[in-house]
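Trainee: This is entry37.cif (mmCIF, C-alpha atoms).
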data_target
#
loop_
_atom_site.label_atom_id
_atom_site.label_comp_id
_atom_site.auth_asym_id
_atom_site.auth_seq_id
_atom_site.Cartn_x
_atom_site.Cartn_y
_atom_site.Cartn_z
CA MET A 1 94.11 96.75 126.82
CA ILE A 2 97.81 95.87 127.11
CA TYR A 3 100.14 98.21 125.22
CA PRO A 4 103.77 97.97 124.10
CA PRO A 5 106.36 100.43 125.51
CA ARG A 6 104.99 103.97 125.42
CA LEU A 7 106.28 107.41 126.39
CA ASN A 8 104.14 110.00 128.13
CA LEU A 9 104.51 112.84 125.62
CA ALA A 10 101.00 114.14 124.91
CA THR A 11 98.67 116.10 127.16
CA LEU A 12 95.89 113.56 127.61
CA PRO A 13 93.01 113.02 127.70
CA THR A 14 91.92 115.67 125.21
CA PRO A 15 88.42 117.17 125.54
CA LEU A 16 85.40 115.94 123.61
CA VAL A 17 83.05 118.88 123.07
CA LYS A 18 79.73 119.44 121.33
CA LEU A 19 79.73 122.13 118.64
CA SER A 20 76.32 123.45 119.68
CA ARG A 21 76.21 126.67 117.66
CA PHE A 22 77.67 125.18 114.51
CA SER A 23 75.36 122.16 114.75
CA GLU A 24 72.30 124.42 114.61
CA ARG A 25 72.86 124.85 110.86
CA LEU A 26 73.00 121.08 110.20
CA GLY A 27 69.31 120.16 110.40
CA GLY A 28 69.26 118.00 113.51
CA VAL A 29 72.72 116.45 113.34
CA ASN A 30 74.95 117.07 116.35
CA VAL A 31 78.66 117.40 115.64
CA TRP A 32 81.12 116.68 118.43
CA MET A 33 84.84 117.35 118.27
CA LYS A 34 87.64 115.33 119.86
CA ARG A 35 90.14 118.11 120.35
CA ASP A 36 93.44 116.43 119.59
CA GLU A 37 94.83 119.81 118.55
CA MET A 38 95.24 120.19 122.32
CA THR A 39 97.72 117.33 122.79
CA GLY A 40 100.39 119.97 123.44
CA VAL A 41 101.08 123.51 122.27
CA GLU A 42 104.22 122.91 120.19
CA VAL A 43 103.48 119.28 119.28
CA SER A 44 99.72 119.65 118.90
CA GLY A 45 97.73 117.18 116.85
CA ASN A 46 97.42 113.50 116.13
CA LYS A 47 101.08 112.81 115.37
CA ILE A 48 102.22 112.99 118.98
CA ARG A 49 99.92 110.07 119.94
CA LYS A 50 101.76 107.90 117.41
CA LEU A 51 105.17 109.21 118.42
CA GLU A 52 104.60 108.08 121.99
CA PHE A 53 104.97 104.53 120.69
CA CYS A 54 107.44 105.12 117.86
CA ILE A 55 110.00 106.98 119.96
CA ALA A 56 109.60 104.45 122.77
CA GLU A 57 110.47 101.75 120.24
CA ALA A 58 113.48 103.78 119.04
CA GLN A 59 114.75 104.06 122.60
CA ARG A 60 114.11 100.37 123.21
CA GLN A 61 116.43 99.65 120.28
CA GLY A 62 119.10 101.96 121.70
CA CYS A 63 118.77 104.65 119.02
CA ASP A 64 119.96 108.20 119.61
CA THR A 65 118.80 109.61 116.27
CA LEU A 66 115.38 109.87 114.64
CA ILE A 67 114.96 110.06 110.87
CA THR A 68 111.59 110.84 109.38
CA CYS A 69 110.01 112.44 106.33
CA GLY A 70 107.09 114.37 104.95
CA GLY A 71 106.03 117.52 103.11
CA ILE A 72 107.56 120.94 103.66
CA GLN A 73 104.73 121.77 106.08
CA SER A 74 104.56 118.32 107.69
CA ASN A 75 102.90 118.36 111.12
CA HIS A 76 104.52 115.03 111.86
CA CYS A 77 108.02 116.30 111.08
CA ARG A 78 107.45 119.32 113.30
CA ALA A 79 106.28 117.17 116.19
CA THR A 80 109.25 114.81 115.73
CA ALA A 81 111.74 117.69 115.63
CA ILE A 82 110.38 119.18 118.84
CA MET A 83 110.18 115.88 120.72
CA GLY A 84 113.72 115.04 119.61
CA ALA A 85 114.93 118.31 121.10
CA ARG A 86 112.97 117.65 124.27
CA LEU A 87 114.34 114.13 124.68
CA GLY A 88 117.92 114.85 123.60
CA LEU A 89 117.69 112.93 120.33
CA LYS A 90 119.14 114.11 117.04
CA VAL A 91 116.47 114.55 114.36
CA GLN A 92 117.01 114.41 110.61
CA LEU A 93 114.09 115.36 108.37
CA ILE A 94 113.72 114.46 104.71
CA LEU A 95 111.26 116.92 103.21
CA ARG A 96 109.44 116.64 99.89
CA GLY A 97 109.98 119.64 97.62
CA GLU A 98 112.36 122.53 97.18
CA GLU A 99 113.72 124.57 100.05
CA PRO A 100 111.62 127.75 100.29
CA GLN A 101 113.29 131.11 100.31
CA THR A 102 111.65 132.04 103.61
CA PRO A 103 110.70 129.27 106.05
CA SER A 104 107.27 129.57 107.67
CA GLY A 105 104.78 127.52 109.66
CA ASN A 106 105.94 124.03 110.56
CA LEU A 107 109.22 124.36 108.66
CA PHE A 108 110.16 127.42 110.71
CA MET A 109 109.54 125.41 113.90
CA ASP A 110 111.60 122.49 112.57
CA LEU A 111 114.54 124.83 112.17
CA LEU A 112 114.04 126.46 115.57
CA ALA A 113 114.06 122.99 117.16
CA GLY A 114 117.45 122.25 115.58
CA ALA A 115 116.46 119.52 113.13
CA GLU A 116 118.81 118.75 110.26
CA ILE A 117 116.86 119.06 107.02
CA SER A 118 117.36 117.55 103.57
CA TYR A 119 115.12 118.40 100.62
CA LEU A 120 114.29 115.90 97.89
CA PRO A 121 112.37 116.69 94.68
CA ALA A 122 108.67 115.88 94.69
CA GLU A 123 109.15 113.95 91.47
CA GLY A 124 110.26 110.44 92.32
CA TRP A 125 109.78 111.06 96.04
CA ALA A 126 108.12 107.72 96.80
CA ALA A 127 111.13 105.72 95.63
CA ALA A 128 113.85 108.17 96.61
CA HIS A 129 113.14 108.99 100.25
CA PRO A 130 113.35 105.43 101.70
CA GLN A 131 116.73 104.98 100.01
CA TYR A 132 117.95 108.31 101.30
CA ALA A 133 116.81 107.36 104.80
CA LYS A 134 118.87 104.17 104.59
CA GLN A 135 121.86 106.25 103.50
CA LEU A 136 121.43 108.51 106.55
CA GLN A 137 121.17 105.46 108.80
CA ALA A 138 124.40 104.07 107.37
CA GLU A 139 126.16 107.41 107.85
CA ALA A 140 124.94 107.56 111.45
CA GLU A 141 126.32 104.07 112.12
CA ILE A 142 129.73 105.04 110.71
CA ALA A 143 129.72 108.06 113.04
CA GLY A 144 129.00 105.85 116.04
CA HIS A 145 125.27 106.53 116.29
CA LYS A 146 122.13 104.49 115.75
CA ALA A 147 119.22 105.95 113.83
CA TYR A 148 115.58 104.85 113.89
CA PHE A 149 113.45 105.53 110.82
CA ILE A 150 109.86 106.64 111.34
CA PRO A 151 107.78 106.58 108.13
CA THR A 152 105.64 109.45 106.88
CA GLY A 153 103.10 110.42 109.51
CA ALA A 154 104.41 107.70 111.87
CA SER A 155 101.94 105.51 110.02
CA ASP A 156 102.98 101.90 110.46
CA GLU A 157 102.19 99.02 112.82
CA VAL A 158 103.99 100.79 115.68
CA GLY A 159 102.32 104.16 115.19
CA LEU A 160 98.97 102.40 114.82
CA TRP A 161 98.87 102.04 118.61
CA GLY A 162 98.43 105.81 118.92
CA TYR A 163 94.84 105.79 117.74
CA ILE A 164 94.04 102.45 119.29
CA ALA A 165 94.90 104.09 122.60
CA ALA A 166 92.88 107.14 121.51
CA SER A 167 89.96 104.80 120.81
CA GLU A 168 90.08 103.57 124.39
CA GLU A 169 90.02 107.21 125.48
CA LEU A 170 87.02 107.85 123.22
CA ALA A 171 85.21 104.85 124.71
CA ALA A 172 85.58 106.47 128.14
CA ASP A 173 84.36 109.80 126.73
CA PHE A 174 81.28 108.19 125.21
CA LYS A 175 80.46 106.32 128.42
CA ARG A 176 80.77 109.50 130.49
CA LEU A 177 78.52 111.46 128.10
CA ASN A 178 76.15 108.58 127.36
CA LEU A 179 76.95 109.18 123.69
CA LYS A 180 76.46 106.63 120.91
CA PRO A 181 77.71 108.31 117.72
CA SER A 182 76.67 107.14 114.29
CA ALA A 183 80.11 107.90 112.88
CA ILE A 184 83.60 109.03 113.76
CA VAL A 185 85.21 111.27 111.14
CA THR A 186 88.87 111.95 110.41
CA ALA A 187 91.09 113.32 107.69
CA THR A 188 93.44 110.75 106.21
CA GLY A 189 96.78 111.50 104.58
CA SER A 190 99.32 108.84 105.51
CA GLY A 191 96.59 106.49 106.73
CA GLY A 192 97.76 105.69 110.27
CA THR A 193 95.10 107.60 112.19
CA GLN A 194 92.38 106.10 110.02
CA ALA A 195 93.71 102.56 110.44
CA GLY A 196 94.16 103.02 114.19
CA LEU A 197 90.59 104.23 114.58
CA ILE A 198 89.28 101.33 112.49
CA ALA A 199 91.17 98.80 114.63
CA GLY A 200 90.12 100.64 117.78
CA ASN A 201 86.50 100.57 116.70
CA GLU A 202 86.70 96.80 116.24
CA ILE A 203 88.10 96.43 119.76
CA PHE A 204 86.08 99.03 121.68
CA GLY A 205 82.86 99.24 119.62
CA LEU A 206 82.82 103.03 119.39
CA ALA A 207 80.49 103.85 116.49
CA GLU A 208 78.60 102.41 113.57
CA LYS A 209 81.42 103.40 111.23
CA ILE A 210 84.68 105.27 110.81
CA VAL A 211 84.57 107.68 107.87
CA ALA A 212 87.77 109.24 106.54
CA PHE A 213 88.11 112.07 104.04
CA ASN A 214 91.23 111.69 101.92
CA VAL A 215 93.57 114.66 101.54
CA SER A 216 95.82 112.70 99.19
CA ASP A 217 95.71 109.49 97.14
CA SER A 218 92.45 107.54 96.67
CA ALA A 219 89.92 105.46 98.56
CA ALA A 220 91.39 102.31 97.00
CA TYR A 221 94.84 103.26 98.27
CA PHE A 222 93.63 103.83 101.82
CA ALA A 223 91.64 100.59 101.85
CA GLU A 224 94.78 98.67 100.93
CA ARG A 225 96.93 100.70 103.33
CA ALA A 226 94.63 100.21 106.33
CA ARG A 227 94.36 96.48 105.78
CA GLU A 228 98.13 96.19 105.35
CA ASP A 229 98.96 98.21 108.49
CA ILE A 230 96.44 96.31 110.62
CA SER A 231 97.70 92.97 109.30
CA HIS A 232 101.30 93.90 110.12
CA TRP A 233 100.17 95.09 113.56
CA GLN A 234 98.46 91.77 114.25
CA THR A 235 101.54 89.83 113.17
CA ARG A 236 104.11 91.91 115.04
CA TYR A 237 102.14 92.05 118.29
CA ALA A 238 100.49 88.63 118.14
CA ASP A 239 101.65 87.64 121.63
CA LEU A 240 100.60 90.95 123.15
CA LEU A 241 97.18 90.80 121.48
CA LYS A 242 96.45 87.22 122.43
CA GLY A 243 93.09 87.07 124.18
CA THR A 244 92.17 90.71 123.44
CA PRO A 245 88.49 90.81 122.39
CA GLY A 246 88.06 92.29 118.93
CA ALA A 247 91.76 92.17 118.00
CA GLU A 248 91.32 89.19 115.69
CA ILE A 249 90.32 91.41 112.80
CA ASP A 250 89.63 89.82 109.42
CA THR A 251 91.43 92.31 107.18
CA ALA A 252 90.07 90.68 104.03
CA THR A 253 86.50 91.70 104.90
CA LEU A 254 87.32 94.82 106.91
CA ARG A 255 85.17 97.84 106.06
CA VAL A 256 87.36 100.82 105.17
CA LEU A 257 85.25 103.88 104.34
CA THR A 258 87.11 106.73 102.64
CA GLN A 259 84.87 109.44 101.20
CA GLU A 260 86.35 110.93 98.06
CA GLY A 261 85.52 114.21 96.37
CA TYR A 262 87.07 116.77 98.71
CA LEU A 263 90.78 116.58 97.86
CA GLY A 264 90.53 119.58 95.53
CA PRO A 265 93.56 120.50 93.38
CA GLY A 266 95.87 118.24 95.39
CA TYR A 267 97.58 117.55 98.69
CA GLY A 268 98.25 120.67 100.72
CA ILE A 269 96.31 122.92 98.33
CA GLY A 270 93.22 124.57 99.79
CA TYR A 271 90.22 125.87 97.86
CA PRO A 272 87.50 128.47 98.56
CA GLU A 273 84.97 126.15 100.26
CA VAL A 274 87.67 124.96 102.67
CA PHE A 275 88.77 128.48 103.58
CA ASP A 276 85.13 129.47 104.09
CA THR A 277 84.58 126.45 106.35
CA ILE A 278 87.62 127.34 108.45
CA LYS A 279 86.26 130.89 108.88
CA ALA A 280 82.76 129.64 109.70
CA LEU A 281 83.93 127.33 112.47
CA ALA A 282 86.34 129.90 113.88
CA SER A 283 83.64 132.60 114.00
CA SER A 284 80.94 130.35 115.48
CA GLU A 285 82.95 128.22 117.92
CA GLY A 286 86.38 129.84 118.27
CA LEU A 287 87.97 126.65 116.91
CA PHE A 288 90.56 126.62 114.15
CA LEU A 289 91.05 124.10 111.36
CA ASP A 290 93.82 123.94 108.75
CA PRO A 291 93.56 123.92 104.93
CA VAL A 292 95.61 120.73 104.47
CA TYR A 293 93.82 118.15 106.65
CA THR A 294 91.04 119.16 109.02
CA GLY A 295 89.57 121.93 106.86
CA LYS A 296 89.00 119.58 103.95
CA ALA A 297 87.64 116.78 106.14
CA PHE A 298 85.31 119.10 108.07
CA TYR A 299 84.02 120.69 104.87
CA GLY A 300 83.48 117.23 103.40
CA MET A 301 81.59 116.12 106.49
CA VAL A 302 79.33 119.18 106.46
CA ASN A 303 78.62 118.82 102.75
CA GLU A 304 77.80 115.13 103.11
CA ILE A 305 75.45 115.93 106.01
CA SER A 306 73.72 118.52 103.81
CA LYS A 307 72.95 115.79 101.26
CA GLY A 308 70.66 114.04 103.74
CA ASP A 309 69.78 110.52 102.67
CA GLN A 310 72.01 110.90 99.61
CA GLY A 311 75.13 111.52 101.68
CA CYS A 312 77.37 109.15 103.59
CA PHE A 313 75.84 110.17 106.94
CA ALA A 314 72.22 109.30 106.15
CA GLY A 315 70.24 108.89 109.38
CA ALA A 316 73.08 110.13 111.61
CA LYS A 317 72.21 112.03 114.79
CA ASP A 318 75.60 112.38 116.47
CA ILE A 319 78.93 112.53 114.62
CA VAL A 320 82.35 112.84 116.26
CA PHE A 321 85.03 114.71 114.33
CA ILE A 322 88.65 114.05 115.25
CA HIS A 323 90.54 117.34 115.20
CA THR A 324 93.99 116.11 114.21
CA GLY A 325 95.69 119.51 114.55
CA GLY A 326 97.59 121.38 111.85
CA LEU A 327 97.12 124.96 113.03
CA PHE A 328 100.62 125.98 111.92
CA GLY A 329 99.65 125.05 108.35
CA VAL A 330 97.17 127.95 108.21
CA PHE A 331 99.80 130.66 108.12
CA PRO A 332 101.58 129.71 104.87
CA GLN A 333 98.15 129.96 103.15
CA GLN A 334 96.73 132.96 104.98
CA GLU A 335 96.65 135.05 101.79
CA ASN A 336 93.81 132.80 100.56
CA PHE A 337 91.42 134.03 103.24
CA THR A 338 89.21 136.98 102.44
CA PHE A 339 87.40 139.21 104.92
CA ALA A 340 84.57 141.65 104.33
CA ALA A 341 85.40 145.32 104.86
CA ASP A 342 83.70 147.14 107.75
#
Would you mind giving the structure from this file in structure tokens?
Mentor:
Amino acid sequence: MIYPPRLNLATLPTPLVKLSRFSERLGGVNVWMKRDEMTGVEVSGNKIRKLEFCIAEAQRQGCDTLITCGGIQSNHCRATAIMGARLGLKVQLILRGEEPQTPSGNLFMDLLAGAEISYLPAEGWAAAHPQYAKQLQAEAEIAGHKAYFIPTGASDEVGLWGYIAASEELAADFKRLNLKPSAIVTATGSGGTQAGLIAGNEIFGLAEKIVAFNVSDSAAYFAERAREDISHWQTRYADLLKGTPGAEIDTATLRVLTQEGYLGPGYGIGYPEVFDTIKALASSEGLFLDPVYTGKAFYGMVNEISKGDQGCFAGAKDIVFIHTGGLFGVFPQQENFTFAAD
């Protein structure tokens, strides 16, 4: 596979491990985990794979400033802030919601890394933040700088390469382990990891299907988003993709599987089953999920497995779960965990 300019930012390849003890409770289904929470201590998770391409593109354009956006506890914003500091790039974050009295988790790390932060109200966010980003770009130009805008989650046709490259890595994992999974599972929030895995599956033939569990929006939204991102990717990189087997994806008929029902009260809000799932995996495997992304997706996967033929993993023997990181998101919600007294 030929790739566009890319920086070497993540610790790769990440391990693919079998969750042997946890799988014992799943009635014959083996769950494997691609441990992308190990892409780097401070920048852990899926976002750094996308940023390898997005920041390379920013540098190609001669930019010295990165502007991006997300929620108060955005993993992507934290990774961008830290990589900006590491590469000597100014970082400006546009965060959704009100400034908290005491910063914690990812926000605390954003501030430690020296990012400049603006807060916009959650109401009207979708329309307001792109306009504000353009304003910041204009201000940067007046000051003699050039700013590159990275969308939420680095989820666009540039960031898409992150999980196409990860798919090539998975193909090598599967070959080494002689593994043919029925499904690959991921959480989906901004849609880029999901779309990258779908495109990667078309190119590398990884599994029967890619199943995403939405932590925001709806299945219809993610179907449209994945098709749109992949279509833009095909158009922008047409010359680079020429002759690549599997890259001529028909987005009109593309299968985009997003399993609904596990969002709970809303984005970023955990619920008891999710907190219990996080505890169960931590106590059986020493692996930690978060209540925003991976906890919800892992709980959804386990519940769907428990449904047998009525669930979305009917007949599955091996399932690979993509651990997209998010550990720092546990701490702002730690009061929701309960522990039995001795």
Trainee: Can you list what the PyMOL selection byres ((chain A and resi 165) around 10) grabs from this structure, as a CSV table (one decimal) with C-alpha atoms, in the coordinates of the input?
Mentor:
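Dumped to out_2.csv:
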chain,number,residue,atom,x,y,z
A,1,MET,CA,94.1,96.8,126.8
A,2,ILE,CA,97.8,95.9,127.1
A,3,TYR,CA,100.1,98.2,125.2
A,49,ARG,CA,99.9,110.1,119.9
A,50,LYS,CA,101.8,107.9,117.4
A,160,LEU,CA,99.0,102.4,114.8
A,161,TRP,CA,98.9,102.0,118.6
A,162,GLY,CA,98.4,105.8,118.9
A,163,TYR,CA,94.8,105.8,117.7
A,164,ILE,CA,94.0,102.4,119.3
A,166,ALA,CA,92.9,107.1,121.5
A,167,SER,CA,90.0,104.8,120.8
A,168,GLU,CA,90.1,103.6,124.4
A,169,GLU,CA,90.0,107.2,125.5
A,170,LEU,CA,87.0,107.8,123.2
A,171,ALA,CA,85.2,104.8,124.7
A,196,GLY,CA,94.2,103.0,114.2
A,197,LEU,CA,90.6,104.2,114.6
A,200,GLY,CA,90.1,100.6,117.8
Trainee: Pick the closest to A:Glu202 from A:Pro245, A:Asp217, A:Leu177, A:Thr80: which is it, counting only C-alpha atoms?
Mentor: A:Pro245
Trainee: From the list A:Leu263, A:Cys312, A:Ile203, A:Ala56, which residue is nearest A:Thr244 when using all atoms listed in the file?
Mentor: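 Closest to A:Thr244 of all the choices is A:Ile203.
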Trainee: Would you mind listing what lies within 12 Å of A:Ala252 as a list of chain:residue names, with only C-alpha atoms counted and same-chain residues fewer than 3 positions away left out?
Mentor: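 Counting only the stated atoms, we get A:Ala223, A:Glu224, A:Ala226, A:Arg227, A:Glu228, A:Ile230, A:Ser231, A:Glu248, A:Ile249, A:Arg255, A:Val256.
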Trainee: Written as a list in words, which residues does the PyMOL selection byres ((chain A and resi 153) around 8) give for the file shown?
Mentor: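 Applying the expression gives Lys47, Cys69, Gly70, His76, Cys77, Ile150, Pro151, Thr152, Ala154, Ser155, Ser190 and Gly192 of chain A.
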Trainee: Given the choices A:Ile269, A:Cys63, A:Ala122, A:Met33, which gets closest to A:Thr186 if the distance is worked out from all atoms listed in the file?
Mentor: A:Met33
Trainee: Which distance in Å separates atom CA of A:Leu179 and atom CA of A:Val17, to one decimal?
Mentor: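 Computed distance, atom CA of A:Leu179 to atom CA of A:Val17, equals 11.5 Å.
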Trainee: Hey, could you patch up stretch 296-330 of chain A with N, CA and C atoms and hand it over as a tab-separated table (two decimals), in the frame of the given file?
Mentor:
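In the end it all went to out-v8.tsv:
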chain	number	residue	atom	x	y	z
A	296	LYS	N	89.61	120.36	105.03
A	296	LYS	CA	89.00	119.58	103.95
A	296	LYS	C	88.06	118.51	104.50
A	297	ALA	N	88.48	117.83	105.57
A	297	ALA	CA	87.64	116.78	106.14
A	297	ALA	C	86.37	117.36	106.75
A	298	PHE	N	86.49	118.50	107.44
A	298	PHE	CA	85.31	119.10	108.07
A	298	PHE	C	84.35	119.62	107.00
A	299	TYR	N	84.89	120.24	105.96
A	299	TYR	CA	84.02	120.69	104.87
A	299	TYR	C	83.33	119.50	104.22
A	300	GLY	N	84.08	118.43	103.98
A	300	GLY	CA	83.48	117.23	103.40
A	300	GLY	C	82.37	116.67	104.27
A	301	MET	N	82.61	116.62	105.57
A	301	MET	CA	81.59	116.12	106.49
A	301	MET	C	80.33	116.97	106.43
A	302	VAL	N	80.48	118.28	106.49
A	302	VAL	CA	79.33	119.18	106.46
A	302	VAL	C	78.57	119.04	105.14
A	303	ASN	N	79.29	118.94	104.05
A	303	ASN	CA	78.62	118.82	102.75
A	303	ASN	C	77.88	117.49	102.63
A	304	GLU	N	78.48	116.43	103.15
A	304	GLU	CA	77.80	115.13	103.11
A	304	GLU	C	76.56	115.13	104.00
A	305	ILE	N	76.63	115.81	105.14
A	305	ILE	CA	75.45	115.93	106.01
A	305	ILE	C	74.34	116.67	105.27
A	306	SER	N	74.71	117.71	104.52
A	306	SER	CA	73.72	118.52	103.81
A	306	SER	C	72.99	117.73	102.72
A	307	LYS	N	73.58	116.62	102.29
A	307	LYS	CA	72.95	115.79	101.26
A	307	LYS	C	71.84	114.91	101.81
A	308	GLY	N	71.70	114.87	103.13
A	308	GLY	CA	70.66	114.04	103.74
A	308	GLY	C	70.82	112.57	103.43
A	309	ASP	N	69.76	111.96	102.96
A	309	ASP	CA	69.78	110.52	102.67
A	309	ASP	C	70.70	110.17	101.51
A	310	GLN	N	71.12	111.16	100.74
A	310	GLN	CA	72.01	110.90	99.61
A	310	GLN	C	73.48	110.96	100.01
A	311	GLY	N	73.76	111.40	101.22
A	311	GLY	CA	75.13	111.52	101.68
A	311	GLY	C	75.59	110.32	102.48
A	312	CYS	N	76.83	110.32	102.88
A	312	CYS	CA	77.37	109.15	103.59
A	312	CYS	C	77.01	109.12	105.06
A	313	PHE	N	76.27	110.16	105.54
A	313	PHE	CA	75.84	110.17	106.94
A	313	PHE	C	74.32	110.08	107.07
A	314	ALA	N	73.68	109.44	106.13
A	314	ALA	CA	72.22	109.30	106.15
A	314	ALA	C	71.77	108.71	107.49
A	315	GLY	N	70.81	109.39	108.13
A	315	GLY	CA	70.24	108.89	109.38
A	315	GLY	C	71.07	109.20	110.62
A	316	ALA	N	72.20	109.85	110.47
A	316	ALA	CA	73.08	110.13	111.61
A	316	ALA	C	72.47	111.21	112.51
A	317	LYS	N	72.63	111.04	113.81
A	317	LYS	CA	72.21	112.03	114.79
A	317	LYS	C	73.40	112.67	115.49
A	318	ASP	N	74.40	111.87	115.81
A	318	ASP	CA	75.60	112.38	116.47
A	318	ASP	C	76.83	111.90	115.69
A	319	ILE	N	77.70	112.84	115.35
A	319	ILE	CA	78.93	112.53	114.62
A	319	ILE	C	80.10	113.13	115.40
A	320	VAL	N	81.16	112.36	115.55
A	320	VAL	CA	82.35	112.84	116.26
A	320	VAL	C	83.45	113.10	115.24
A	321	PHE	N	83.94	114.33	115.23
A	321	PHE	CA	85.03	114.71	114.33
A	321	PHE	C	86.32	114.75	115.12
A	322	ILE	N	87.34	114.05	114.61
A	322	ILE	CA	88.65	114.05	115.25
A	322	ILE	C	89.46	115.23	114.73
A	323	HIS	N	89.71	116.20	115.59
A	323	HIS	CA	90.54	117.34	115.20
A	323	HIS	C	92.00	116.93	115.33
A	324	THR	N	92.63	116.66	114.20
A	324	THR	CA	93.99	116.11	114.21
A	324	THR	C	95.08	117.18	114.23
A	325	GLY	N	94.69	118.45	114.43
A	325	GLY	CA	95.69	119.51	114.55
A	325	GLY	C	95.97	120.19	113.22
A	326	GLY	N	97.19	120.76	113.11
A	326	GLY	CA	97.59	121.38	111.85
A	326	GLY	C	97.52	122.89	111.83
A	327	LEU	N	97.29	123.52	112.99
A	327	LEU	CA	97.12	124.96	113.03
A	327	LEU	C	98.25	125.72	112.33
A	328	PHE	N	99.49	125.25	112.49
A	328	PHE	CA	100.62	125.98	111.92
A	328	PHE	C	100.59	125.97	110.39
A	329	GLY	N	99.78	125.09	109.80
A	329	GLY	CA	99.65	125.05	108.35
A	329	GLY	C	98.74	126.14	107.79
A	330	VAL	N	98.04	126.86	108.67
A	330	VAL	CA	97.17	127.95	108.21
A	330	VAL	C	98.01	129.12	107.69
